[in-house]
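What follows is a short report on a single structure.
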Amino acid sequence: MAQIHSAAFTRDRGWSSEEFAELLAQSYVQIFVAEGGFALTRTLAGESELLTLAVAPEHQRRGIARGLLEHWISAVEPVAETAYLEVAADNAAAITLYDRVKFSRSGLRKAYYHRTNGSAVDALLMSRALTRG
């Protein structure tokens with residue numbers, strides 16, 4: 001996971017194997033996997049959060065990310081009322097994908113992501129109402 005994450009997020013610091021192990025050891029954290037990619041989520045108290053979604057560059061533009069998102073949503077819909085995520089405001093491809101799977105902008109965190117070059121980028125908060133049960 002750490003290798004895929006680092007390859008997919010070249011402008012950000014990739015998460016380490018230790019960070020992934022700590023997250024996966026937590027209750028309510030789920031991982032969804034596909035060839036060349038994964039989604040890590042946390043579902044608790046009627047809400048499900050996409051913690052990260054990464055697809056290796058050589059597997060991108062094949063529908064893998066969309067498939068992972070749809071798998072996540074179908075898995076949590078019986079137990080959650082809302083799905084939400086954060087995305088860098090300059091990540092146009094991800095924003096387009098989230099729009100296509102019916103996420104809507106719900107907020108903004110100024111200068112949330114800190115790039116390896118020292119710059120900061122806003123995070124768009126996006127959410128989607130689920131049918132719960």
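Letters A, B, ... go to the chains of the structure tokens in the order shown; residues in each chain start at 1; ligands are counted from 1 in the same order.
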Please list as an mmCIF file with C-alpha atoms, in the first residue's frame every residue within 9 Å of stretch 96-112 of chain A, counting only C-alpha atoms and excluding residues in the same chain fewer than 3 positions away.
data_model
loop_
_atom_site.group_PDB
_atom_site.id
_atom_site.type_symbol
_atom_site.label_atom_id
_atom_site.label_comp_id
_atom_site.auth_asym_id
_atom_site.auth_seq_id
_atom_site.Cartn_x
_atom_site.Cartn_y
_atom_site.Cartn_z
ATOM 1 C CA ALA A 65 -10.808 4.166 -8.667
ATOM 2 C CA ARG A 66 -14.468 4.377 -9.624
ATOM 3 C CA LEU A 69 -15.585 3.980 -4.703
ATOM 4 C CA GLU A 70 -18.681 2.083 -5.790
ATOM 5 C CA ALA A 83 -20.209 9.218 3.026
ATOM 6 C CA TYR A 84 -17.598 11.951 2.948
ATOM 7 C CA LEU A 85 -14.075 12.705 1.825
ATOM 8 C CA GLU A 86 -11.484 15.422 1.382
ATOM 9 C CA ALA A 88 -7.023 18.581 -2.878
ATOM 10 C CA ALA A 89 -8.621 21.525 -4.666
ATOM 11 C CA ASN A 91 -6.814 17.488 -8.112
ATOM 12 C CA ALA A 92 -9.186 17.988 -11.041
ATOM 13 C CA ALA A 93 -9.268 14.307 -12.044
ATOM 14 C CA SER A 119 3.261 25.029 -1.005
ATOM 15 C CA ALA A 120 -0.157 24.535 0.577
ATOM 16 C CA VAL A 121 -3.389 23.572 -1.188
ATOM 17 C CA ASP A 122 -6.978 23.839 0.005
ATOM 18 C CA ALA A 123 -9.001 20.709 0.667
ATOM 19 C CA LEU A 124 -12.514 20.450 -0.710
ATOM 20 C CA LEU A 125 -14.888 18.604 1.584
ATOM 21 C CA MET A 126 -17.336 16.465 -0.323
ATOM 22 C CA SER A 127 -20.232 14.344 0.905
ATOM 23 C CA ARG A 128 -22.961 12.083 -0.353
ATOM 24 C CA ALA A 129 -26.212 11.111 1.360
#
Run DSSP on the backbone and give me the residues of stretch 71-100 of chain A it puts in strand (DSSP E), as a PyMOL selection string. chain A and resi 82-88
Determine, counting only C-alpha atoms, which protein, DNA and RNA residues have an atom within 10 Å of an atom of A:Thr41; residues of the same chain fewer than 5 positions away are not included. Present the result as an MDAnalysis selection string. chainID A and resid 23:24 28:32 48:53 72 76 83:85
Any idea what's packed within 7 Å of A:Glu47, counting only C-alpha atoms, ignoring anything in its chain fewer than 6 positions away? Could you give it as an NGL selection string? :A and (80-83)
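Nearest residue to A:Leu130, choosing from A:Asn117, A:Gly63, A:Pro78, A:Ala45 and counting only C-alpha atoms: A:Pro78.
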With a distance cut-off of 8 Å and only C-alpha atoms, select the neighbouring residues of A:Ala2, excluding the residue or stretch itself and same-chain residues fewer than 2 positions from it, and output the selection as number ranges by chain. A: 4-6, 14-17, 20
Please indicate the distance in Å from atom CA of A:Ala7 to atom CA of A:Pro57, rounded to one decimal place. 6.7 Å
